[in-house]
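Data block for query.cif (mmCIF, C-alpha atoms and all ligand atoms):
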data_work
loop_
_atom_site.label_atom_id
_atom_site.label_comp_id
_atom_site.auth_asym_id
_atom_site.auth_seq_id
_atom_site.Cartn_x
_atom_site.Cartn_y
_atom_site.Cartn_z
CA MET Y 1 21.44 26.77 24.38
CA ASN Y 2 21.55 23.76 22.05
CA ILE Y 3 23.90 23.33 19.10
CA LYS Y 4 21.31 24.46 16.53
CA GLN Y 5 20.59 27.65 18.45
CA ARG Y 6 24.30 28.35 18.59
CA LEU Y 7 24.70 27.64 14.87
CA GLU Y 8 21.79 29.98 14.16
CA GLY Y 9 23.45 32.70 16.25
CA CYS Y 10 26.75 32.14 14.47
CA LEU Y 11 25.33 32.27 10.94
CA ILE Y 12 22.93 35.17 11.50
CA ALA Y 13 25.32 37.40 13.48
CA GLY Y 14 28.08 36.55 10.98
CA ALA Y 15 25.85 37.48 8.03
CA ILE Y 16 24.79 40.74 9.69
CA GLY Y 17 28.42 41.62 10.44
CA ASP Y 18 29.26 40.90 6.82
CA ALA Y 19 26.37 42.98 5.45
CA LEU Y 20 27.18 45.96 7.68
CA GLY Y 21 30.93 45.74 7.21
CA PHE Y 22 30.65 45.21 3.43
CA ARG Y 23 29.01 48.62 3.00
CA TYR Y 24 32.16 50.21 4.48
CA GLU Y 25 34.88 47.87 3.18
CA ASN Y 26 38.20 49.64 2.57
CA ILE Y 27 36.80 53.05 3.47
CA ASP Y 28 39.15 54.56 6.03
CA TYR Y 29 38.03 57.22 8.47
CA VAL Y 30 34.30 56.53 8.52
CA LEU Y 31 32.92 59.21 10.82
CA ASN Y 32 29.25 58.32 10.95
CA VAL Y 33 28.29 54.69 10.75
CA GLY Y 34 24.66 54.23 9.71
CA PHE Y 35 22.81 50.96 9.23
CA ASP Y 36 19.88 52.10 7.16
CA PHE Y 37 20.86 51.09 3.63
CA ASN Y 38 20.16 48.20 1.31
CA TRP Y 39 21.88 45.26 2.97
CA ALA Y 40 23.76 42.65 0.93
CA VAL Y 41 26.08 39.91 2.12
CA SER Y 42 29.36 39.03 0.43
CA ASP Y 43 31.60 36.00 -0.05
CA ASP Y 44 32.19 35.61 3.69
CA THR Y 45 28.58 34.59 4.27
CA GLN Y 46 28.08 32.96 0.88
CA LEU Y 47 31.04 30.58 1.19
CA THR Y 48 30.19 29.85 4.84
CA LEU Y 49 26.73 28.79 3.65
CA ALA Y 50 28.21 26.78 0.79
CA THR Y 51 30.30 24.97 3.42
CA CYS Y 52 27.14 24.33 5.49
CA GLU Y 53 25.43 22.87 2.43
CA ALA Y 54 28.38 20.53 1.85
CA ILE Y 55 28.81 19.24 5.42
CA GLY Y 56 25.49 19.91 7.17
CA ASP Y 57 23.67 16.64 6.55
CA ASP Y 58 26.68 14.32 6.66
CA ILE Y 59 28.63 13.08 9.69
CA GLU Y 60 31.81 13.09 7.64
CA ILE Y 61 33.47 16.21 6.26
CA ARG Y 62 34.33 15.75 2.59
CA PRO Y 63 36.56 18.41 1.02
CA GLU Y 64 35.57 17.34 -2.49
CA LYS Y 65 31.95 18.08 -1.61
CA VAL Y 66 32.87 21.49 -0.18
CA ALA Y 67 34.81 22.32 -3.35
CA GLU Y 68 31.84 21.22 -5.43
CA ARG Y 69 29.48 23.55 -3.50
CA PHE Y 70 31.93 26.46 -3.86
CA LEU Y 71 32.03 25.86 -7.60
CA ASN Y 72 28.26 25.64 -7.71
CA TRP Y 73 27.87 29.07 -6.07
CA TYR Y 74 30.56 30.48 -8.36
CA ASN Y 75 28.90 29.10 -11.48
CA SER Y 76 25.58 30.61 -10.40
CA GLY Y 77 27.25 34.02 -10.66
CA LYS Y 78 26.13 34.96 -7.15
CA LEU Y 79 29.46 35.27 -5.32
CA ILE Y 80 30.35 38.83 -4.34
CA GLY Y 81 33.69 40.30 -3.25
CA LEU Y 82 35.96 37.30 -3.80
CA GLY Y 83 39.63 37.58 -2.87
CA SER Y 84 42.28 36.74 -5.43
CA SER Y 85 43.29 33.35 -3.96
CA THR Y 86 39.70 32.11 -3.84
CA LEU Y 87 39.06 33.39 -7.35
CA LYS Y 88 42.13 31.56 -8.67
CA ALA Y 89 41.00 28.31 -7.05
CA LEU Y 90 37.44 28.60 -8.35
CA ARG Y 91 38.59 29.28 -11.90
CA GLU Y 92 40.78 26.19 -11.80
CA LEU Y 93 38.03 24.06 -10.26
CA GLN Y 94 35.82 25.22 -13.09
CA VAL Y 95 38.14 23.67 -15.67
CA GLY Y 96 38.46 20.40 -13.79
CA GLY Y 97 41.26 21.10 -11.29
CA HIS Y 98 41.49 18.93 -8.16
CA TRP Y 99 40.51 20.56 -4.83
CA ALA Y 100 43.85 19.62 -3.21
CA ILE Y 101 45.99 21.53 -5.69
CA VAL Y 102 43.98 24.49 -7.02
CA GLY Y 103 44.47 26.65 -3.90
CA ARG Y 104 47.08 29.35 -4.06
CA SER Y 105 50.36 28.77 -2.21
CA GLY Y 106 53.18 31.11 -1.24
CA GLU Y 107 53.22 34.36 0.70
CA TYR Y 108 50.30 35.91 -1.18
CA ALA Y 109 48.02 33.11 -0.06
CA GLY Y 110 47.90 34.49 3.51
CA GLY Y 111 44.51 36.15 3.10
CA ASN Y 112 41.33 35.86 5.16
CA GLY Y 113 39.56 33.62 2.68
CA ALA Y 114 39.93 30.38 4.63
CA ALA Y 115 39.24 31.80 8.10
CA MET Y 116 36.12 33.68 7.03
CA ARG Y 117 34.30 30.49 5.98
CA ILE Y 118 35.59 27.87 8.45
CA ALA Y 119 32.97 28.42 11.21
CA PRO Y 120 30.58 25.55 10.30
CA LEU Y 121 33.31 22.98 11.04
CA ALA Y 122 33.26 23.96 14.71
CA PHE Y 123 29.68 22.63 14.88
CA LYS Y 124 30.71 19.12 13.80
CA LYS Y 125 31.76 16.41 16.24
CA TYR Y 126 34.43 14.94 14.03
CA ALA Y 127 36.35 17.86 12.56
CA THR Y 128 40.01 16.83 12.87
CA ARG Y 129 42.83 19.27 12.26
CA LEU Y 130 43.60 17.40 9.06
CA LYS Y 131 40.05 18.01 7.82
CA ILE Y 132 40.22 21.67 8.78
CA LYS Y 133 43.46 21.97 6.83
CA ASP Y 134 41.95 20.21 3.82
CA ILE Y 135 39.01 22.61 3.81
CA CYS Y 136 41.38 25.60 3.95
CA THR Y 137 43.58 24.13 1.25
CA ILE Y 138 40.80 24.31 -1.33
CA THR Y 139 41.57 28.01 -1.70
CA HIS Y 140 44.60 28.75 0.52
CA ARG Y 141 47.70 26.53 0.77
CA ASN Y 142 49.42 28.72 3.32
CA ASP Y 143 50.27 28.12 7.01
CA GLU Y 144 49.10 31.55 8.19
CA ALA Y 145 45.78 31.22 6.36
CA TYR Y 146 45.34 27.78 7.94
CA CYS Y 147 46.28 28.95 11.44
CA GLY Y 148 43.97 31.93 11.09
CA ALA Y 149 41.16 29.52 10.27
CA LEU Y 150 42.20 27.27 13.16
CA ALA Y 151 42.06 30.28 15.50
CA ILE Y 152 38.49 31.08 14.40
CA TYR Y 153 37.57 27.40 14.70
CA TYR Y 154 38.81 27.27 18.32
CA ALA Y 155 37.26 30.63 19.24
CA ILE Y 156 33.90 29.26 18.11
CA LYS Y 157 34.53 25.90 19.77
CA ALA Y 158 35.32 27.71 23.04
CA SER Y 159 31.95 29.46 22.74
CA ILE Y 160 30.09 26.20 22.08
CA ILE Y 161 31.57 24.33 25.03
CA GLU Y 162 31.52 27.52 27.15
CA ALA Y 163 35.22 27.27 27.87
CA TRP Y 164 34.83 30.97 27.06
CA THR Y 165 31.89 32.67 28.77
CA GLY Y 166 32.44 36.23 27.61
CA ASP Y 167 34.10 37.12 30.93
CA ASN Y 168 37.27 35.02 30.87
CA ASN Y 169 40.10 35.18 28.37
CA LEU Y 170 39.33 33.91 24.86
CA ILE Y 171 42.72 34.83 23.40
CA ASP Y 172 44.59 32.61 25.91
CA PHE Y 173 42.36 29.66 25.02
CA VAL Y 174 43.05 30.06 21.29
CA VAL Y 175 46.80 30.70 21.72
CA GLU Y 176 47.17 27.37 23.52
CA LYS Y 177 45.59 25.49 20.64
CA ILE Y 178 47.33 26.83 17.53
CA PRO Y 179 50.83 26.30 16.12
CA ASP Y 180 53.59 28.89 16.31
CA THR Y 181 52.86 31.37 13.53
CA ARG Y 182 52.52 35.12 13.02
CA VAL Y 183 48.78 34.77 13.72
CA ARG Y 184 49.67 33.31 17.11
CA ASP Y 185 52.31 35.97 17.79
CA ARG Y 186 49.77 38.71 17.05
CA LEU Y 187 47.22 37.09 19.36
CA ILE Y 188 49.80 36.98 22.16
CA GLU Y 189 50.63 40.67 21.59
CA MET Y 190 46.96 41.63 21.57
CA GLY Y 191 46.32 39.51 24.66
CA LYS Y 192 48.76 41.69 26.58
CA LEU Y 193 46.78 44.76 25.48
CA LYS Y 194 43.35 43.38 26.24
CA ASP Y 195 42.29 46.42 28.26
CA LEU Y 196 42.65 48.76 25.28
CA SER Y 197 39.49 49.79 23.44
CA ILE Y 198 38.89 48.71 19.85
CA SER Y 199 39.75 52.18 18.53
CA GLU Y 200 42.98 52.14 20.56
CA ILE Y 201 44.06 48.68 19.35
CA GLY Y 202 43.24 49.80 15.79
CA LYS Y 203 45.87 52.52 16.06
CA ILE Y 204 48.54 49.90 16.77
CA TYR Y 205 47.41 47.10 14.44
CA LYS Y 206 45.70 47.99 11.16
CA SER Y 207 42.90 45.85 9.79
CA THR Y 208 43.79 44.55 6.33
CA GLY Y 209 43.06 41.59 4.05
CA TYR Y 210 46.04 39.79 5.63
CA VAL Y 211 44.94 37.03 7.98
CA VAL Y 212 47.49 38.06 10.64
CA ASP Y 213 45.77 41.45 10.87
CA SER Y 214 42.13 40.38 10.69
CA VAL Y 215 41.66 37.16 12.66
CA PRO Y 216 43.32 38.34 15.90
CA LEU Y 217 41.38 41.62 15.67
CA ALA Y 218 38.06 39.77 15.34
CA ILE Y 219 38.91 37.64 18.40
CA PHE Y 220 40.06 40.70 20.34
CA ALA Y 221 36.74 42.40 19.53
CA ALA Y 222 34.76 39.30 20.57
CA GLN Y 223 36.36 39.52 24.02
CA LYS Y 224 34.60 42.87 24.48
CA ILE Y 225 31.08 41.46 24.09
CA ASN Y 226 30.16 41.51 27.80
CA GLU Y 227 31.47 44.99 28.50
CA SER Y 228 29.90 46.43 25.33
CA ASP Y 229 27.29 45.15 22.82
CA PHE Y 230 27.01 43.77 19.29
CA LYS Y 231 25.98 47.00 17.57
CA THR Y 232 28.57 49.19 19.33
CA ILE Y 233 31.43 46.78 18.58
CA ILE Y 234 30.43 46.49 14.90
CA THR Y 235 30.41 50.31 14.75
CA ASP Y 236 33.87 50.48 16.34
CA LEU Y 237 35.25 47.85 13.94
CA ILE Y 238 33.82 49.64 10.90
CA LYS Y 239 35.53 52.85 12.02
CA LEU Y 240 38.92 51.08 11.88
CA GLY Y 241 38.50 50.59 8.12
CA GLY Y 242 40.23 47.85 6.12
CA ASP Y 243 38.60 44.46 5.57
CA THR Y 244 35.51 45.42 7.58
CA ASP Y 245 33.13 42.82 6.14
CA THR Y 246 35.39 39.91 7.08
CA VAL Y 247 36.38 41.24 10.51
CA CYS Y 248 32.76 42.09 11.44
CA SER Y 249 31.56 38.77 10.07
CA MET Y 250 34.08 36.69 12.07
CA PHE Y 251 33.36 38.78 15.18
CA GLY Y 252 29.65 38.08 14.64
CA GLN Y 253 30.22 34.36 14.17
CA ILE Y 254 32.13 34.01 17.45
CA THR Y 255 29.83 36.13 19.60
CA GLY Y 256 26.67 34.82 17.92
CA THR Y 257 27.75 31.31 18.85
CA LEU Y 258 28.20 32.31 22.48
CA LYS Y 259 25.10 34.46 22.89
CA GLY Y 260 22.67 33.30 20.22
CA VAL Y 261 20.38 35.59 18.23
CA ASP Y 262 19.06 37.26 21.41
CA MET Y 263 22.11 39.54 21.50
CA ILE Y 264 21.20 41.01 18.09
CA PRO Y 265 19.00 44.14 17.97
CA VAL Y 266 15.49 43.33 16.69
CA GLU Y 267 15.76 45.86 13.84
CA PHE Y 268 18.85 43.99 12.59
CA ILE Y 269 17.03 40.65 12.66
CA GLU Y 270 14.19 42.19 10.65
CA LYS Y 271 16.64 43.45 8.02
CA PHE Y 272 18.38 40.07 7.99
CA ASN Y 273 15.10 38.31 7.28
CA TYR Y 274 14.76 40.31 4.05
CA LEU Y 275 18.14 39.08 2.73
CA ASP Y 276 17.95 36.54 -0.10
CA ILE Y 277 20.12 34.10 1.90
CA ALA Y 278 17.90 34.20 5.02
CA PRO Y 279 15.71 31.17 4.06
CA LEU Y 280 18.86 29.15 3.34
CA VAL Y 281 20.31 30.01 6.77
CA TYR Y 282 17.15 28.78 8.54
CA GLU Y 283 17.09 25.66 6.36
CA MET Y 284 20.74 24.86 7.11
CA VAL Y 285 20.18 25.21 10.85
CA ASP Y 286 17.09 23.00 10.64
CA LYS Y 287 18.90 20.23 8.73
CA TRP Y 288 22.15 20.39 10.70
CA LYS Y 289 23.73 17.13 11.83
CA GLU Y 290 26.45 17.39 14.44
MG MG Y 301 33.63 39.75 1.79
#
Write the structure described by the file as structure tokens, please.
Amino acid sequence: MNIKQRLEGCLIAGAIGDALGFRYENIDYVLNVGFDFNWAVSDDTQLTLATCEAIGDDIEIRPEKVAERFLNWYNSGKLIGLGSSTLKALRELQVGGHWAIVGRSGEYAGGNGAAMRIAPLAFKKYATRLKIKDICTITHRNDEAYCGALAIYYAIKASIIEAWTGDNNLIDFVVEKIPDTRVRDRLIEMGKLKDLSISEIGKIYKSTGYVVDSVPLAIFAAQKINESDFKTIITDLIKLGGDTDTVCSMFGQITGTLKGVDMIPVEFIEKFNYLDIAPLVYEMVDKWKE
């Protein structure tokens, strides 16, 4: 698979995970998960695409350009389901704030909002850690939020270079790469429990809007892709409740990168193609410069 096919898998599976999870966000104890409703994607996909627009046709990654695209989407009134840290940053960007200082800091800035939109950076040749941090900083000036994003970045990188094949251990690969944080601690704990099912792990660690809860869960779920399948895992993740759109989206991004669009059921691809963002996804993939 070439890099564009992997990017296509990442963006489409991520968007489908978002659309399916968004329908069930913060509904606990979902008994019957159905997929036949009017699909819509939320901020996870929208800000990932805004990031693609900002970095896709440039070798260099420019945080000021990413911030500008975020603001553009915000000003168009299209963004759906924004978290409080991202909303704060966008409002301050709107009145002329600088990208490096508008992001929220402190303990409440440990949300999923940086990790959920970091994926495109893994498809660039020259994404340094400093750049990754800068891109996170636009909305989240918090070490956990950054390390959560770094964990997603490396999970996707492992899929691109096939350091992870779906059979070996993805968690170990990521743990080795990221700094000592609560995100890393949770990954280590989950790595020891890798034989548990998704419903079993969900009884121990709840899925919430906190990056420590969501990012490791998405990576844990991705590890199941060869023993299960995309649709079944999305269903299992939705049943856990919590921040289902973000967890399902990040799970989709990682596994879509590894497997490409072929892993996605045809009826899902058909529904995806009706989404308003679908043409933009295909355009971004087409234009992509590594
Ligand atoms: Mg969302």
Give as a list of chain:residue names the residues surrounding ligand MG 301 (chain Y) up to a distance of 10 Å, considering all atoms listed in the file.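 So, counting all atoms listed in the file, the residues near ligand MG 301 (chain Y) are Y:Asp18, Y:Ala19, Y:Gly21, Y:Phe22, Y:Glu25, Y:Val41, Y:Ser42, Y:Asp43, Y:Asp44, Y:Thr45, Y:Gln46, Y:Leu47, Y:Leu79, Y:Ile80, Y:Gly81, Y:Leu82, Y:Gly83, Y:Asn112, Y:Gly113, Y:Met116, Y:Gly209, Y:Asp243, Y:Thr244, Y:Asp245, Y:Thr246, Y:Val247, Y:Cys248, Y:Ser249.
Minimum atom-to-atom distances from Y:Asp229, Y:Asp36, Y:Gly103, Y:Lys224 to Asp262 (chain Y) were compared using all atoms listed in the file, and the lowest value belongs to Y:Asp229.
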All residues 10 Å or closer to Arg186 (chain Y), all atoms listed in the file, same chain fewer than 6 positions away omitted, as JSON, numbers by chain: {"Y": [175, 205, 212, 213, 215, 216, 217]}
Find the nearest atom pair between each residue of region 105-206 of chain Y and region 55-64 of chain Y for residues within 9 Å, count all atoms listed in the file, give distances in Å to one decimal, sort rows by chain and ascending number, and present the table as a Markdown table.
| residue | atom | partner | partner_atom | distance |
| --- | --- | --- | --- | --- |
| Y:Pro120 | CA | Y:Ile55 | CA | 8.2 |
| Y:Leu121 | CA | Y:Ile55 | CA | 8.1 |
| Y:Lys124 | CA | Y:Ile59 | CA | 7.6 |
| Y:Lys125 | CA | Y:Ile59 | CA | 8.0 |
| Y:Tyr126 | CA | Y:Glu60 | CA | 7.1 |
| Y:Ala127 | CA | Y:Ile61 | CA | 7.1 |
| Y:Lys131 | CA | Y:Ile61 | CA | 7.0 |
| Y:Asp134 | CA | Y:Pro63 | CA | 6.3 |
| Y:Ile135 | CA | Y:Pro63 | CA | 5.6 |
| Y:Ile138 | CA | Y:Pro63 | CA | 7.6 |
Dump as a PDB file, in the coordinates of the input, selection limited to C-alpha atoms:
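File produced: result-v4.pdb:
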ATOM      1  CA  PRO Y 120      30.580  25.550  10.300  1.00  0.00           C
ATOM      2  CA  LEU Y 121      33.310  22.980  11.040  1.00  0.00           C
ATOM      3  CA  LYS Y 124      30.710  19.120  13.800  1.00  0.00           C
ATOM      4  CA  LYS Y 125      31.760  16.410  16.240  1.00  0.00           C
ATOM      5  CA  TYR Y 126      34.430  14.940  14.030  1.00  0.00           C
ATOM      6  CA  ALA Y 127      36.350  17.860  12.560  1.00  0.00           C
ATOM      7  CA  LYS Y 131      40.050  18.010   7.820  1.00  0.00           C
ATOM      8  CA  ASP Y 134      41.950  20.210   3.820  1.00  0.00           C
ATOM      9  CA  ILE Y 135      39.010  22.610   3.810  1.00  0.00           C
ATOM     10  CA  ILE Y 138      40.800  24.310  -1.330  1.00  0.00           C
TER      11      ILE Y 138
END
Surrounding residues of Ile277 (chain Y) excluding itself and chain neighbours under 3 positions, 12 Å, only C-alpha atoms, as a ChimeraX atom specification: /Y:11-12,15-16,19,39-43,45-50,78-79,271-274,280-284
Separation of CA of Gly191 (chain Y) from CA of Asp172 (chain Y), in Å and rounded to one decimal: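 Going from CA of Gly191 (chain Y) over to CA of Asp172 (chain Y), I get 7.2 Å.
CA of Val102 (chain Y) is found 4.8 Å from CA of Ala89 (chain Y).
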So what do you get for CA of Tyr146 (chain Y) versus CA of Thr128 (chain Y), distance-wise?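 CA of Thr128 (chain Y) lies at a distance of 13.1 Å from CA of Tyr146 (chain Y).
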Using the file's own x, y and z axes, so that the box edges lie along x, y and z, what centre and edge lengths in Å (one decimal) does a box around every listed atom of region 119-134 of chain Y get when 5 Å is added on each side? Give it as JSON.
{"center_x": 36.6, "center_y": 21.7, "center_z": 10.0, "size_x": 23.9, "size_y": 23.5, "size_z": 22.4}
Non-local contacts of Lys157 (chain Y) (7 Å; only C-alpha atoms; under 4 positions in same chain excluded) as a list in words: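 Close residues of Lys157 (chain Y): Ala122, Tyr153 and Ile161 of chain Y.
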Polymer residues at most 12 Å from (28.2, 27.9, -15.9) by all atoms listed in the file, as a PDB file with C-alpha atoms, in the frame of the given file:
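Result written to out27.pdb:
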ATOM      1  CA  LEU Y  71      32.030  25.860  -7.600  1.00  0.00           C
ATOM      2  CA  ASN Y  72      28.260  25.640  -7.710  1.00  0.00           C
ATOM      3  CA  TRP Y  73      27.870  29.070  -6.070  1.00  0.00           C
ATOM      4  CA  TYR Y  74      30.560  30.480  -8.360  1.00  0.00           C
ATOM      5  CA  ASN Y  75      28.900  29.100 -11.480  1.00  0.00           C
ATOM      6  CA  SER Y  76      25.580  30.610 -10.400  1.00  0.00           C
ATOM      7  CA  GLY Y  77      27.250  34.020 -10.660  1.00  0.00           C
ATOM      8  CA  LYS Y  78      26.130  34.960  -7.150  1.00  0.00           C
ATOM      9  CA  LEU Y  90      37.440  28.600  -8.350  1.00  0.00           C
ATOM     10  CA  ARG Y  91      38.590  29.280 -11.900  1.00  0.00           C
ATOM     11  CA  LEU Y  93      38.030  24.060 -10.260  1.00  0.00           C
ATOM     12  CA  GLN Y  94      35.820  25.220 -13.090  1.00  0.00           C
ATOM     13  CA  VAL Y  95      38.140  23.670 -15.670  1.00  0.00           C
TER      14      VAL Y  95
END
Residue with smallest distance to Asp167 (chain Y) - pool Y:Glu227, Y:Arg184, Y:Cys147, Y:Lys287, counting only C-alpha atoms: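 Residue with the minimum atom-to-atom distance to Asp167 (chain Y): Y:Glu227.
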Would you mind listing what lies within 8 Å of Ala149 (chain Y) as a PyMOL selection string, with all atoms listed in the file counted and same-chain residues fewer than 6 positions away left out? chain Y and resi 114-116+118+136
Between Y:Ala221, Y:Leu240, Y:Ser84, Y:Phe230, which is the closest to Pro265 (chain Y) once you count only C-alpha atoms? Y:Phe230
Around the point (29.5, 26.8, 20.8) in the file's coordinates, collect all residues with an atom within 6 Å, using all atoms listed in the file, and return them as number ranges by chain. Y: 6, 156-157, 159-161, 257-258
Closest of Y:Leu20, Y:Ile188, Y:Leu237, Y:Ile219 to Ser207 (chain Y), counting only C-alpha atoms, is Y:Leu237
Can you tell me, as a count of residues only, what residues are no more than 9 Å from Lys194 (chain Y) when counting all atoms listed in the file, ignoring any on the same chain fewer than 5 positions away? 4
Compare Y:Leu193, Y:Ala109, Y:Ile198, Y:Ile233 by their minimum atom-to-atom distance to Asn142 (chain Y), counting only C-alpha atoms, and give me the closest one.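 Of Y:Leu193, Y:Ala109, Y:Ile198, Y:Ile233, the one nearest Asn142 (chain Y), counting only C-alpha atoms, is Y:Ala109.
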Nearest to Val285 (chain Y), chosen from Y:Lys206, Y:Lys259, Y:Arg23, Y:Lys4, with all atoms listed in the file counted in the distances: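 Result for the nearest residue to Val285 (chain Y): Y:Lys4.
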Can you put all heavy atoms back into region 181-189 of chain Y and show it as an mmCIF file, keeping the file's coordinate frame?
data_model
loop_
_atom_site.group_PDB
_atom_site.id
_atom_site.type_symbol
_atom_site.label_atom_id
_atom_site.label_comp_id
_atom_site.auth_asym_id
_atom_site.auth_seq_id
_atom_site.Cartn_x
_atom_site.Cartn_y
_atom_site.Cartn_z
ATOM 1 N N THR Y 181 52.968 30.649 14.810
ATOM 2 C CA THR Y 181 52.860 31.370 13.530
ATOM 3 C C THR Y 181 52.759 32.862 13.849
ATOM 4 O O THR Y 181 52.693 33.256 15.008
ATOM 5 C CB THR Y 181 51.547 30.988 12.802
ATOM 6 O OG1 THR Y 181 50.483 31.013 13.763
ATOM 7 C CG2 THR Y 181 51.626 29.637 12.139
ATOM 8 N N ARG Y 182 52.687 33.673 12.800
ATOM 9 C CA ARG Y 182 52.520 35.120 13.020
ATOM 10 C C ARG Y 182 51.120 35.421 13.555
ATOM 11 O O ARG Y 182 50.935 36.376 14.296
ATOM 12 C CB ARG Y 182 52.800 35.876 11.728
ATOM 13 C CG ARG Y 182 54.265 35.759 11.336
ATOM 14 C CD ARG Y 182 54.553 36.423 10.022
ATOM 15 N NE ARG Y 182 54.522 37.872 10.149
ATOM 16 C CZ ARG Y 182 54.762 38.701 9.132
ATOM 17 N NH1 ARG Y 182 55.047 38.226 7.940
ATOM 18 N NH2 ARG Y 182 54.711 40.001 9.310
ATOM 19 N N VAL Y 183 50.139 34.606 13.166
ATOM 20 C CA VAL Y 183 48.780 34.770 13.720
ATOM 21 C C VAL Y 183 48.841 34.603 15.241
ATOM 22 O O VAL Y 183 48.279 35.402 15.998
ATOM 23 C CB VAL Y 183 47.798 33.733 13.106
ATOM 24 C CG1 VAL Y 183 46.490 33.696 13.886
ATOM 25 C CG2 VAL Y 183 47.538 34.053 11.642
ATOM 26 N N ARG Y 184 49.564 33.576 15.673
ATOM 27 C CA ARG Y 184 49.670 33.310 17.110
ATOM 28 C C ARG Y 184 50.440 34.423 17.819
ATOM 29 O O ARG Y 184 50.040 34.879 18.895
ATOM 30 C CB ARG Y 184 50.344 31.949 17.340
ATOM 31 C CG ARG Y 184 50.362 31.486 18.782
ATOM 32 C CD ARG Y 184 50.831 30.032 18.851
ATOM 33 N NE ARG Y 184 50.850 29.546 20.223
ATOM 34 C CZ ARG Y 184 51.891 29.665 21.037
ATOM 35 N NH1 ARG Y 184 52.992 30.251 20.628
ATOM 36 N NH2 ARG Y 184 51.827 29.190 22.271
ATOM 37 N N ASP Y 185 51.538 34.869 17.202
ATOM 38 C CA ASP Y 185 52.310 35.970 17.790
ATOM 39 C C ASP Y 185 51.436 37.211 17.985
ATOM 40 O O ASP Y 185 51.498 37.866 19.023
ATOM 41 C CB ASP Y 185 53.489 36.355 16.872
ATOM 42 C CG ASP Y 185 54.583 35.295 16.871
ATOM 43 O OD1 ASP Y 185 54.570 34.428 17.766
ATOM 44 O OD2 ASP Y 185 55.450 35.336 15.973
ATOM 45 N N ARG Y 186 50.631 37.525 16.963
ATOM 46 C CA ARG Y 186 49.770 38.710 17.050
ATOM 47 C C ARG Y 186 48.728 38.553 18.167
ATOM 48 O O ARG Y 186 48.455 39.493 18.910
ATOM 49 C CB ARG Y 186 49.085 38.966 15.704
ATOM 50 C CG ARG Y 186 48.134 40.169 15.693
ATOM 51 C CD ARG Y 186 48.845 41.502 15.886
ATOM 52 N NE ARG Y 186 49.821 41.739 14.863
ATOM 53 C CZ ARG Y 186 49.550 42.252 13.654
ATOM 54 N NH1 ARG Y 186 48.322 42.596 13.357
ATOM 55 N NH2 ARG Y 186 50.519 42.442 12.769
ATOM 56 N N LEU Y 187 48.197 37.343 18.285
ATOM 57 C CA LEU Y 187 47.220 37.090 19.360
ATOM 58 C C LEU Y 187 47.862 37.298 20.732
ATOM 59 O O LEU Y 187 47.253 37.894 21.627
ATOM 60 C CB LEU Y 187 46.671 35.662 19.247
ATOM 61 C CG LEU Y 187 45.517 35.469 18.273
ATOM 62 C CD1 LEU Y 187 45.279 33.982 18.023
ATOM 63 C CD2 LEU Y 187 44.225 36.115 18.784
ATOM 64 N N ILE Y 188 49.101 36.813 20.881
ATOM 65 C CA ILE Y 188 49.800 36.980 22.160
ATOM 66 C C ILE Y 188 50.018 38.471 22.456
ATOM 67 O O ILE Y 188 49.757 38.948 23.561
ATOM 68 C CB ILE Y 188 51.153 36.210 22.149
ATOM 69 C CG1 ILE Y 188 50.878 34.690 22.114
ATOM 70 C CG2 ILE Y 188 52.002 36.569 23.366
ATOM 71 C CD1 ILE Y 188 52.100 33.830 21.831
ATOM 72 N N GLU Y 189 50.429 39.223 21.411
ATOM 73 C CA GLU Y 189 50.630 40.670 21.590
ATOM 74 C C GLU Y 189 49.318 41.362 21.970
ATOM 75 O O GLU Y 189 49.283 42.201 22.872
ATOM 76 C CB GLU Y 189 51.171 41.297 20.284
ATOM 77 C CG GLU Y 189 52.614 40.928 19.965
ATOM 78 C CD GLU Y 189 52.962 41.126 18.489
ATOM 79 O OE1 GLU Y 189 52.303 41.960 17.822
ATOM 80 O OE2 GLU Y 189 53.871 40.437 17.992
#
